[in-house]
>>> print(open('structure_3.csv').read())   # CSV, C-alpha atoms
chain,number,residue,atom,x,y,z
A,1,MET,CA,-40.6,-33.8,-37.7
A,2,LYS,CA,-36.9,-34.3,-37.4
A,3,SER,CA,-35.7,-36.2,-34.4
A,4,SER,CA,-33.5,-33.4,-33.2
A,5,THR,CA,-36.6,-31.1,-33.2
A,6,ALA,CA,-38.6,-33.6,-31.3
A,7,ILE,CA,-35.8,-33.9,-28.7
A,8,ALA,CA,-35.6,-30.1,-28.4
A,9,ILE,CA,-39.4,-29.9,-27.8
A,10,ALA,CA,-39.2,-32.9,-25.4
A,11,PHE,CA,-36.4,-31.1,-23.6
A,12,SER,CA,-38.3,-27.9,-23.4
A,13,ILE,CA,-41.4,-29.5,-22.0
A,14,LEU,CA,-39.2,-31.4,-19.6
A,15,VAL,CA,-37.7,-28.2,-18.1
A,16,GLY,CA,-40.8,-26.2,-18.5
A,17,LEU,CA,-39.6,-23.7,-21.1
A,18,PRO,CA,-41.2,-22.7,-24.4
A,19,THR,CA,-39.5,-23.7,-27.6
A,20,ALA,CA,-36.9,-21.4,-29.0
A,21,SER,CA,-36.3,-22.7,-32.6
A,22,VAL,CA,-33.2,-20.5,-33.2
A,23,ALA,CA,-29.5,-21.1,-32.9
A,24,GLY,CA,-27.7,-20.4,-29.7
A,25,SER,CA,-30.3,-19.3,-27.1
A,26,GLU,CA,-32.0,-22.7,-27.0
A,27,ASP,CA,-28.8,-23.9,-25.2
A,28,VAL,CA,-29.4,-21.5,-22.3
A,29,VAL,CA,-30.6,-23.0,-19.1
A,30,VAL,CA,-32.0,-20.6,-16.5
A,31,GLU,CA,-31.6,-21.8,-12.9
A,32,ASP,CA,-32.3,-20.6,-9.4
A,33,ALA,CA,-34.6,-17.7,-10.4
A,34,TRP,CA,-36.0,-15.7,-7.4
A,35,SER,CA,-37.1,-12.3,-6.4
A,36,ARG,CA,-38.2,-10.4,-3.4
A,37,ALA,CA,-41.8,-9.3,-2.5
A,38,SER,CA,-42.4,-5.6,-3.0
A,39,ILE,CA,-44.1,-2.9,-0.8
A,40,GLY,CA,-46.8,-1.6,-3.1
A,41,ILE,CA,-45.9,-0.8,-6.7
A,42,ASN,CA,-43.9,2.4,-6.4
A,43,ARG,CA,-40.6,0.9,-5.7
A,44,PRO,CA,-38.7,-1.0,-8.3
A,45,GLY,CA,-38.3,-4.8,-7.8
A,46,ALA,CA,-35.3,-7.0,-8.6
A,47,ALA,CA,-35.0,-10.6,-9.8
A,48,TYR,CA,-32.0,-12.9,-9.7
A,49,MET,CA,-31.1,-16.1,-11.6
A,50,THR,CA,-28.2,-18.0,-13.2
A,51,LEU,CA,-27.9,-18.3,-17.0
A,52,ARG,CA,-26.0,-21.3,-18.1
A,53,ASN,CA,-24.9,-21.7,-21.7
A,54,THR,CA,-24.7,-25.4,-22.5
A,55,GLY,CA,-24.0,-24.8,-26.2
A,56,THR,CA,-20.9,-24.1,-28.2
A,57,ASP,CA,-21.6,-20.5,-29.3
A,58,PRO,CA,-21.8,-17.4,-27.2
A,59,VAL,CA,-25.3,-16.1,-26.5
A,60,THR,CA,-26.2,-12.5,-25.9
A,61,LEU,CA,-29.1,-11.5,-23.6
A,62,VAL,CA,-30.4,-8.2,-25.0
A,63,GLY,CA,-33.6,-7.5,-23.1
A,64,LEU,CA,-36.4,-8.5,-20.7
A,65,GLU,CA,-40.1,-8.5,-20.9
A,66,THR,CA,-42.7,-9.2,-18.2
A,67,PRO,CA,-46.3,-8.4,-17.6
A,68,LEU,CA,-45.3,-7.5,-14.0
A,69,ALA,CA,-43.3,-4.3,-14.9
A,70,ILE,CA,-43.4,-1.8,-17.7
A,71,MET,CA,-39.7,-1.3,-17.8
A,72,PRO,CA,-37.6,-4.4,-17.0
A,73,ASP,CA,-33.9,-4.1,-17.6
A,74,ILE,CA,-30.7,-5.7,-16.6
A,75,HIS,CA,-28.8,-3.4,-14.1
A,76,GLU,CA,-25.5,-3.8,-12.4
A,77,THR,CA,-24.6,-2.6,-8.9
A,78,LYS,CA,-21.0,-1.7,-8.4
A,79,THR,CA,-19.4,-1.0,-5.1
A,80,GLY,CA,-16.1,1.0,-5.3
A,81,ALA,CA,-13.1,1.0,-3.0
A,82,ASP,CA,-14.6,4.0,-1.3
A,83,GLY,CA,-17.6,1.8,-0.2
A,84,VAL,CA,-20.0,3.8,-2.4
A,85,SER,CA,-22.5,1.6,-4.3
A,86,SER,CA,-24.0,2.7,-7.6
A,87,MET,CA,-26.3,1.1,-10.1
A,88,ALA,CA,-26.6,1.5,-13.8
A,89,PRO,CA,-28.0,-0.4,-16.9
A,90,ALA,CA,-25.7,-3.2,-17.7
A,91,GLY,CA,-26.3,-3.3,-21.5
A,92,GLU,CA,-26.1,-6.6,-23.3
A,93,ILE,CA,-25.0,-9.6,-21.4
A,94,ILE,CA,-22.8,-12.2,-23.2
A,95,VAL,CA,-22.8,-15.7,-21.9
A,96,PRO,CA,-19.8,-17.5,-23.3
A,97,PRO,CA,-20.2,-21.2,-24.3
A,98,GLY,CA,-20.0,-23.6,-21.4
A,99,GLU,CA,-20.1,-20.8,-18.9
A,100,SER,CA,-22.6,-19.3,-16.5
A,101,ILE,CA,-23.6,-15.7,-15.7
A,102,SER,CA,-25.1,-15.1,-12.3
A,103,LEU,CA,-27.6,-12.4,-11.6
A,104,GLU,CA,-27.2,-12.0,-7.8
A,105,PRO,CA,-27.5,-9.5,-5.0
A,106,GLY,CA,-24.9,-6.7,-5.3
A,107,GLY,CA,-24.1,-7.4,-8.9
A,108,LEU,CA,-26.2,-8.0,-12.0
A,109,HIS,CA,-29.9,-8.1,-11.5
A,110,ALA,CA,-33.1,-7.9,-13.5
A,111,MET,CA,-34.4,-4.5,-12.4
A,112,LEU,CA,-38.2,-4.3,-12.6
A,113,MET,CA,-39.2,-0.7,-13.0
A,114,ARG,CA,-42.7,0.6,-12.9
A,115,LEU,CA,-44.4,-2.4,-11.4
A,116,GLN,CA,-47.9,-3.1,-12.7
A,117,THR,CA,-48.9,-5.1,-9.7
A,118,LYS,CA,-47.5,-5.7,-6.2
A,119,MET,CA,-45.0,-8.6,-5.9
A,120,ILE,CA,-46.6,-10.9,-3.3
A,121,GLU,CA,-44.6,-13.5,-1.4
A,122,GLY,CA,-45.4,-17.0,-2.5
A,123,ALA,CA,-46.6,-16.0,-6.0
A,124,THR,CA,-44.6,-16.3,-9.2
A,125,PHE,CA,-44.4,-14.1,-12.3
A,126,PRO,CA,-43.2,-14.9,-15.9
A,127,LEU,CA,-40.1,-13.2,-17.1
A,128,THR,CA,-39.0,-13.4,-20.7
A,129,LEU,CA,-35.4,-13.2,-21.6
A,130,ASN,CA,-34.8,-12.0,-25.2
A,131,PHE,CA,-31.6,-13.0,-26.9
A,132,ALA,CA,-29.7,-11.5,-29.9
A,133,ASP,CA,-30.5,-14.5,-32.1
A,134,GLY,CA,-34.2,-13.7,-31.8
A,135,GLY,CA,-34.8,-16.6,-29.4
A,136,ALA,CA,-36.6,-16.1,-26.1
A,137,ILE,CA,-36.9,-18.0,-22.8
A,138,THR,CA,-39.7,-17.4,-20.4
A,139,VAL,CA,-39.1,-18.4,-16.8
A,140,ASP,CA,-41.5,-18.4,-13.8
A,141,VAL,CA,-39.8,-16.4,-11.1
A,142,PRO,CA,-40.8,-17.3,-7.5
A,143,ILE,CA,-41.4,-14.3,-5.3
A,144,LEU,CA,-39.8,-14.8,-1.8
A,145,GLY,CA,-40.0,-12.6,1.3
A,146,ILE,CA,-38.7,-9.0,1.3
A,147,ALA,CA,-35.8,-10.2,3.5
A,148,ALA,CA,-34.9,-13.2,1.3
A,149,ARG,CA,-31.2,-13.6,0.7
A,150,GLY,CA,-31.2,-16.2,-2.1
A,151,PRO,CA,-33.1,-18.8,-4.0
A,152,GLU,CA,-35.0,-21.4,-2.0
A,153,SER,CA,-32.9,-24.5,-1.9
B,1,MET,CA,26.5,10.2,-28.4
B,2,ASN,CA,29.5,8.6,-26.8
B,3,ARG,CA,29.5,5.9,-24.2
B,4,ARG,CA,30.4,8.3,-21.4
B,5,SER,CA,27.4,10.6,-22.0
B,6,LEU,CA,25.1,7.7,-22.4
B,7,LEU,CA,26.2,6.5,-18.9
B,8,THR,CA,25.6,9.9,-17.5
B,9,TYR,CA,22.2,10.1,-19.1
B,10,SER,CA,21.1,6.8,-17.8
B,11,ALA,CA,22.4,7.5,-14.3
B,12,ALA,CA,20.5,10.8,-14.3
B,13,ALA,CA,17.4,9.0,-15.7
B,14,SER,CA,17.6,6.4,-12.9
B,15,GLY,CA,18.1,9.1,-10.4
B,16,VAL,CA,14.9,10.9,-11.6
B,17,LEU,CA,13.0,7.7,-11.6
B,18,ALA,CA,14.1,6.8,-8.1
B,19,LEU,CA,13.3,10.3,-6.8
B,20,THR,CA,9.8,10.1,-8.5
B,21,LEU,CA,9.2,6.7,-6.9
B,22,PHE,CA,10.4,8.0,-3.5
B,23,ILE,CA,8.1,11.0,-3.7
B,24,GLY,CA,5.2,8.8,-4.7
B,25,TRP,CA,5.8,6.5,-1.8
B,26,TRP,CA,6.2,9.4,0.6
B,27,ARG,CA,2.9,10.9,-0.4
B,28,VAL,CA,0.9,7.7,-0.8
B,29,ASP,CA,2.2,5.2,1.8
B,30,GLY,CA,5.0,7.0,3.6
B,31,PRO,CA,5.1,9.6,6.3
B,32,GLY,CA,3.6,12.2,3.9
B,33,ALA,CA,0.4,10.2,3.4
B,34,PRO,CA,-2.8,11.9,4.4
B,35,GLU,CA,-4.0,10.9,7.8
B,36,PRO,CA,-6.5,8.0,7.3
B,37,VAL,CA,-8.2,8.9,10.5
B,38,ALA,CA,-9.7,11.9,8.7
B,39,GLN,CA,-11.8,9.5,6.6
B,40,ARG,CA,-13.2,7.7,9.7
B,41,PRO,CA,-16.5,8.6,11.1
B,42,LEU,CA,-16.4,11.1,13.9
B,43,PRO,CA,-17.2,9.9,17.5
B,44,LEU,CA,-21.0,10.0,17.8
B,45,ALA,CA,-20.7,12.6,20.6
B,46,LEU,CA,-19.1,15.0,18.0
B,47,MET,CA,-21.8,14.5,15.4
B,48,GLU,CA,-24.7,16.9,15.1
B,49,PHE,CA,-27.9,16.0,13.4
B,50,GLN,CA,-31.6,15.4,14.2
B,51,MET,CA,-33.9,12.9,12.7
B,52,THR,CA,-37.2,11.1,13.3
B,53,ASP,CA,-37.3,7.3,14.0
B,54,GLN,CA,-39.9,4.8,12.8
B,55,ASP,CA,-42.0,5.5,15.8
B,56,GLY,CA,-42.0,9.3,15.4
B,57,ALA,CA,-39.5,10.0,18.1
B,58,ILE,CA,-36.9,12.7,17.7
B,59,VAL,CA,-33.5,11.1,17.6
B,60,GLY,CA,-29.9,12.0,16.9
B,61,PRO,CA,-26.3,10.7,17.5
B,62,SER,CA,-26.6,11.2,21.3
B,63,THR,CA,-29.6,8.8,21.4
B,64,LEU,CA,-27.1,6.1,20.5
B,65,LEU,CA,-24.7,6.6,23.4
B,66,GLY,CA,-24.7,4.0,26.1
B,67,ASN,CA,-25.0,1.0,23.9
B,68,ALA,CA,-22.9,-0.3,21.0
B,69,SER,CA,-24.3,0.8,17.6
B,70,MET,CA,-24.4,-0.3,14.0
B,71,VAL,CA,-25.3,2.4,11.5
B,72,PHE,CA,-25.7,2.3,7.7
B,73,PHE,CA,-27.1,4.4,5.0
B,74,GLY,CA,-29.5,3.4,2.2
B,75,PHE,CA,-33.0,4.1,0.8
B,76,THR,CA,-36.1,2.1,0.4
B,77,TYR,CA,-36.5,2.6,-3.3
B,78,CYS,CA,-33.2,0.6,-3.7
B,79,PRO,CA,-34.1,-2.8,-5.2
B,80,ASP,CA,-30.7,-4.5,-4.7
B,81,VAL,CA,-28.1,-3.4,-2.3
B,82,CYS,CA,-30.4,-2.1,0.5
B,83,PRO,CA,-32.6,-5.1,1.0
B,84,THR,CA,-29.5,-7.3,0.7
B,85,THR,CA,-27.8,-5.2,3.4
B,86,LEU,CA,-30.8,-5.3,5.7
B,87,SER,CA,-31.2,-9.1,5.2
B,88,ASP,CA,-27.5,-9.6,5.9
B,89,ILE,CA,-27.7,-7.6,9.0
B,90,SER,CA,-30.9,-9.4,10.1
B,91,GLY,CA,-29.0,-12.7,9.6
B,92,TRP,CA,-26.0,-11.4,11.7
B,93,LEU,CA,-28.4,-10.3,14.5
B,94,ASP,CA,-30.1,-13.7,14.4
B,95,ASP,CA,-26.7,-15.3,14.9
B,96,LEU,CA,-25.9,-13.0,17.8
B,97,GLY,CA,-29.2,-13.8,19.5
B,98,ASP,CA,-29.7,-12.2,22.9
B,99,ASP,CA,-26.3,-10.5,22.8
B,100,VAL,CA,-27.8,-7.8,20.6
B,101,ALA,CA,-30.7,-7.0,22.8
B,102,ASP,CA,-29.2,-3.6,23.8
B,103,MET,CA,-27.5,-2.8,20.5
B,104,ASN,CA,-28.6,0.1,18.4
B,105,VAL,CA,-29.0,-0.9,14.7
B,106,VAL,CA,-29.9,2.1,12.6
B,107,PHE,CA,-30.8,2.4,8.9
B,108,ILE,CA,-30.5,6.1,7.9
B,109,THR,CA,-32.2,7.1,4.6
B,110,VAL,CA,-30.3,9.2,2.1
B,111,ASP,CA,-33.6,9.8,0.2
B,112,PRO,CA,-35.8,11.5,2.8
B,113,GLU,CA,-37.9,13.0,0.0
B,114,ARG,CA,-39.4,9.6,-0.7
B,115,ASP,CA,-38.6,7.9,2.6
B,116,THR,CA,-40.9,9.5,5.0
B,117,VAL,CA,-41.2,8.4,8.6
B,118,ASP,CA,-44.1,6.1,7.6
B,119,ALA,CA,-42.3,4.6,4.6
B,120,MET,CA,-39.3,3.9,6.8
B,121,ALA,CA,-41.5,2.4,9.5
B,122,GLU,CA,-43.1,0.0,7.1
B,123,TYR,CA,-39.9,-0.9,5.4
B,124,VAL,CA,-37.9,-1.8,8.6
B,125,SER,CA,-40.8,-3.8,9.9
B,126,TYR,CA,-40.0,-6.5,7.4
B,127,PHE,CA,-36.5,-7.1,8.8
B,128,HIS,CA,-35.0,-7.9,12.2
B,129,PRO,CA,-37.1,-6.0,14.9
B,130,THR,CA,-33.9,-4.4,16.3
B,131,ILE,CA,-33.4,-2.4,13.1
B,132,GLN,CA,-34.5,1.2,13.4
B,133,GLY,CA,-35.3,3.5,10.4
B,134,TRP,CA,-34.3,7.1,10.7
B,135,SER,CA,-35.4,9.9,8.3
B,136,GLY,CA,-34.5,13.6,8.4
B,137,THR,CA,-34.7,16.7,6.3
B,138,LEU,CA,-32.3,17.0,3.4
B,139,GLU,CA,-30.2,19.3,5.5
B,140,GLU,CA,-30.0,17.0,8.5
B,141,THR,CA,-29.3,14.1,6.2
B,142,ALA,CA,-26.3,16.0,4.8
B,143,ARG,CA,-25.1,16.7,8.3
B,144,ALA,CA,-25.4,13.1,9.3
B,145,ALA,CA,-23.4,12.0,6.2
B,146,VAL,CA,-20.6,14.5,7.1
B,147,GLY,CA,-20.4,13.0,10.6
B,148,PHE,CA,-20.1,9.5,9.3
B,149,ARG,CA,-17.9,10.5,6.4
B,150,ALA,CA,-20.5,8.8,4.2
B,151,SER,CA,-21.4,10.1,0.7
B,152,TYR,CA,-24.5,9.9,-1.4
B,153,ASP,CA,-25.7,11.4,-4.7
B,154,LYS,CA,-29.0,11.6,-6.5
B,155,VAL,CA,-28.8,10.1,-10.0
B,156,ALA,CA,-31.4,10.2,-12.7
B,157,ASN,CA,-32.2,6.8,-14.3
B,158,GLU,CA,-33.9,5.8,-17.5
B,159,ASP,CA,-37.2,5.5,-15.8
B,160,GLU,CA,-37.5,9.3,-15.6
B,161,ASP,CA,-37.0,8.8,-12.0
B,162,TYR,CA,-34.0,8.7,-9.8
B,163,THR,CA,-31.8,6.4,-7.8
B,164,MET,CA,-29.2,7.1,-5.1
B,165,ASN,CA,-25.5,6.2,-5.1
B,166,HIS,CA,-24.5,5.9,-1.5
B,167,THR,CA,-21.9,4.5,0.9
B,168,ALA,CA,-23.0,0.9,1.5
B,169,SER,CA,-20.6,0.2,4.4
B,170,VAL,CA,-22.0,-0.6,7.9
B,171,PHE,CA,-20.3,1.5,10.7
B,172,LEU,CA,-19.8,0.1,14.2
B,173,PHE,CA,-19.4,2.2,17.3
B,174,ASP,CA,-18.8,1.2,20.9
B,175,ALA,CA,-21.1,2.3,23.8
B,176,GLU,CA,-19.1,5.6,24.3
B,177,GLY,CA,-19.7,6.4,20.6
B,178,GLN,CA,-16.2,5.8,19.5
B,179,PHE,CA,-15.9,4.5,15.9
B,180,ALA,CA,-14.7,0.9,16.1
B,181,SER,CA,-14.8,-0.6,12.6
B,182,THR,CA,-16.6,-0.9,9.3
B,183,ILE,CA,-18.3,-3.9,7.8
B,184,ASP,CA,-18.0,-3.6,4.0
B,185,TYR,CA,-20.7,-4.5,1.7
B,186,HIS,CA,-20.4,-8.2,0.7
B,187,GLU,CA,-18.2,-9.0,3.7
B,188,PRO,CA,-18.9,-12.6,4.6
B,189,ARG,CA,-20.7,-13.4,7.8
B,190,GLU,CA,-17.5,-15.2,9.2
B,191,PHE,CA,-15.9,-11.7,9.4
B,192,ALA,CA,-19.0,-9.6,10.2
B,193,VAL,CA,-20.3,-11.4,13.2
B,194,PRO,CA,-16.9,-11.4,15.1
B,195,LYS,CA,-16.6,-7.7,14.4
B,196,ILE,CA,-19.9,-7.0,16.0
B,197,ARG,CA,-19.0,-9.3,18.9
B,198,ARG,CA,-15.8,-7.4,19.4
B,199,VAL,CA,-17.6,-4.1,19.7
B,200,LEU,CA,-20.2,-5.6,22.1
B,201,THR,CA,-17.3,-7.0,24.3
B,202,ARG,CA,-15.5,-3.6,24.2
B,203,THR,CA,-18.8,-2.0,25.4
B,204,GLU,CA,-19.1,-4.5,28.3
B,205,GLU,CA,-15.5,-3.8,29.4
B,206,GLU,CA,-16.2,0.0,29.3
B,207,THR,CA,-19.4,-0.2,31.3
B,208,SER,CA,-18.3,-2.8,33.9
>>> encode(input="structure_3.csv", output="structure tokens")
Amino acid sequence: MKSSTAIAIAFSILVGLPTASVAGSEDVVVEDAWSRASIGINRPGAAYMTLRNTGTDPVTLVGLETPLAIMPDIHETKTGADGVSSMAPAGEIIVPPGESISLEPGGLHAMLMRLQTKMIEGATFPLTLNFADGGAITVDVPILGIAARGPES
Amino acid sequence: MNRRSLLTYSAAASGVLALTLFIGWWRVDGPGAPEPVAQRPLPLALMEFQMTDQDGAIVGPSTLLGNASMVFFGFTYCPDVCPTTLSDISGWLDDLGDDVADMNVVFITVDPERDTVDAMAEYVSYFHPTIQGWSGTLEETARAAVGFRASYDKVANEDEDYTMNHTASVFLFDAEGQFASTIDYHEPREFAVPKIRRVLTRTEEETS
């Protein structure tokens, strides 16, 4: 085992993420993940987090997977000058090297469509972020109260 | 083209440009601009619609007269903006404490097909206890939106389901039902809370 691989694995274990042995996406650090509890399973849920690219190449988030929802996807809410809010799929998200992209209320969010189970306050669920380089990162997203406004600090 | 005609042309061109700019100003910012008041919500007393609140009571704009009111539109299948707005408002109400005891805070659904009275009752129960949830028929919802000059639109999404685009602003009215101001989505608390205080103060002056 090369020492760099050992360091990468050690780092992954340290931050609690599985190993991504491909270029680019292993430099992404996911911080402050959170979501809101749901009422039943009929309504879509939303999850938020910050993706920080600590590497030197841009990385592209292409999709999401979670056992919690059949159709997870990155959506973006936009509020126009007329005060009307609308929401649409955001497509691929590029995180430039050295920069962060925030998924936060009123902007980008992980939209969790067709929930399989109810999102219960206090629980967590795994959310896998798939990147264009074939790498993936799975984070445990804490479920906060329905009226939560941000990650627990 | 000689020098003289070039001068004439450029003078004429500048004249046309100046005139165009003037007409543009006149129509957009100047005296010819459309009256912005037309875009403001009507006074509550002039609105006409009937809905059912979370407790099953029949309510309408006249129910709100007598106390200051905060009204906003949304829907409970909205995963992002609506819970955020409701939590923001809950935070503002917490900040205002006892001052909001008599204030009406109303969440009107733009999606009554899914947001039944029971659905609204459960949804609002997770937020500040002052917040009411009103649901009406499609027709009454449309009448309410006209009164508030709010807009909404049903949009299909990739889930073979639908979402709603809607006005996300929060409307403030005084006790007499006169429109006071709007709190825009994402407006920081430093601006929102004083705006609510102002409408509460105005209400006290009117009633004292």
>>> closest_residue(input="structure_3.csv", among="A:Met119, A:Val141, A:Ile94, A:Ile39", to="chain B", atoms="only C-alpha atoms")
A:Ile39
>>> closest_residue(input="structure_3.csv", among="A:Leu127, A:Val139, A:Ala46, A:Leu51", to="Cys78 of chain B", atoms="all atoms listed in the file")
A:Ala46
>>> interface_residues(input="structure_3.csv", of="chain A", to="chain B", cutoff="8 Å", atoms="only C-alpha atoms", output="short mmCIF file (atom, residue, chain, number, x, y, z; two decimals) with C-alpha atoms, keeping the file's coordinate frame")
data_model
loop_
_atom_site.label_atom_id
_atom_site.label_comp_id
_atom_site.auth_asym_id
_atom_site.auth_seq_id
_atom_site.Cartn_x
_atom_site.Cartn_y
_atom_site.Cartn_z
CA ILE A 39 -44.10 -2.90 -0.80
CA ARG A 43 -40.60 0.90 -5.70
CA PRO A 44 -38.70 -1.00 -8.30
CA GLY A 45 -38.30 -4.80 -7.80
CA ALA A 46 -35.30 -7.00 -8.60
CA MET A 71 -39.70 -1.30 -17.80
CA THR A 77 -24.60 -2.60 -8.90
CA THR A 79 -19.40 -1.00 -5.10
CA ASP A 82 -14.60 4.00 -1.30
CA GLY A 83 -17.60 1.80 -0.20
CA VAL A 84 -20.00 3.80 -2.40
CA SER A 85 -22.50 1.60 -4.30
CA SER A 86 -24.00 2.70 -7.60
CA MET A 87 -26.30 1.10 -10.10
CA ALA A 88 -26.60 1.50 -13.80
CA PRO A 105 -27.50 -9.50 -5.00
CA GLY A 106 -24.90 -6.70 -5.30
CA HIS A 109 -29.90 -8.10 -11.50
CA MET A 111 -34.40 -4.50 -12.40
CA MET A 113 -39.20 -0.70 -13.00
CA ARG A 114 -42.70 0.60 -12.90
CA ILE A 146 -38.70 -9.00 1.30
CA ALA A 147 -35.80 -10.20 3.50
CA ALA A 148 -34.90 -13.20 1.30
CA ARG A 149 -31.20 -13.60 0.70
#
>>> residues_around(input="structure_3.csv", residues="Pro194 of chain B", least_positions_apart="5", cutoff="10 Å", atoms="all atoms listed in the file", output="list in words")
Trp92, Leu96, Arg189, Val199 and Leu200 of chain B
>>> atom_distance(input="structure_3.csv", atom1="atom CA of Val30 of chain A", atom2="atom CA of Glu187 of chain B")
27.1 Å
>>> decode(input="structure_3.csv", residues="segment 141-174 of chain B", atoms="C-alpha atoms", output="CSV table (one decimal), in the first residue's frame")
chain,number,residue,atom,x,y,z
B,141,THR,CA,-58.2,30.7,-3.3
B,142,ALA,CA,-58.1,32.5,-6.6
B,143,ARG,CA,-60.3,35.3,-5.1
B,144,ALA,CA,-57.9,35.6,-2.1
B,145,ALA,CA,-54.9,35.8,-4.4
B,146,VAL,CA,-56.5,38.6,-6.4
B,147,GLY,CA,-57.1,40.6,-3.2
B,148,PHE,CA,-53.6,40.2,-2.0
B,149,ARG,CA,-52.2,40.7,-5.6
B,150,ALA,CA,-50.4,37.4,-5.0
B,151,SER,CA,-49.8,34.9,-7.8
B,152,TYR,CA,-49.5,31.1,-7.9
B,153,ASP,CA,-49.2,28.5,-10.6
B,154,LYS,CA,-49.4,24.7,-10.6
B,155,VAL,CA,-46.3,23.2,-12.2
B,156,ALA,CA,-45.7,19.5,-13.1
B,157,ASN,CA,-42.4,18.2,-11.8
B,158,GLU,CA,-40.3,15.1,-12.7
B,159,ASP,CA,-42.0,13.1,-10.0
B,160,GLU,CA,-45.2,12.9,-12.1
B,161,ASP,CA,-46.5,15.1,-9.5
B,162,TYR,CA,-46.8,18.8,-9.2
B,163,THR,CA,-45.3,21.7,-7.3
B,164,MET,CA,-46.6,25.3,-6.9
B,165,ASN,CA,-44.9,28.5,-7.8
B,166,HIS,CA,-46.2,31.2,-5.5
B,167,THR,CA,-45.7,34.6,-4.1
B,168,ALA,CA,-43.4,34.1,-1.0
B,169,SER,CA,-43.7,37.6,0.5
B,170,VAL,CA,-45.3,38.1,3.8
B,171,PHE,CA,-48.0,40.9,3.9
B,172,LEU,CA,-48.6,43.1,6.9
B,173,PHE,CA,-51.8,44.9,7.6
B,174,ASP,CA,-52.8,47.2,10.4
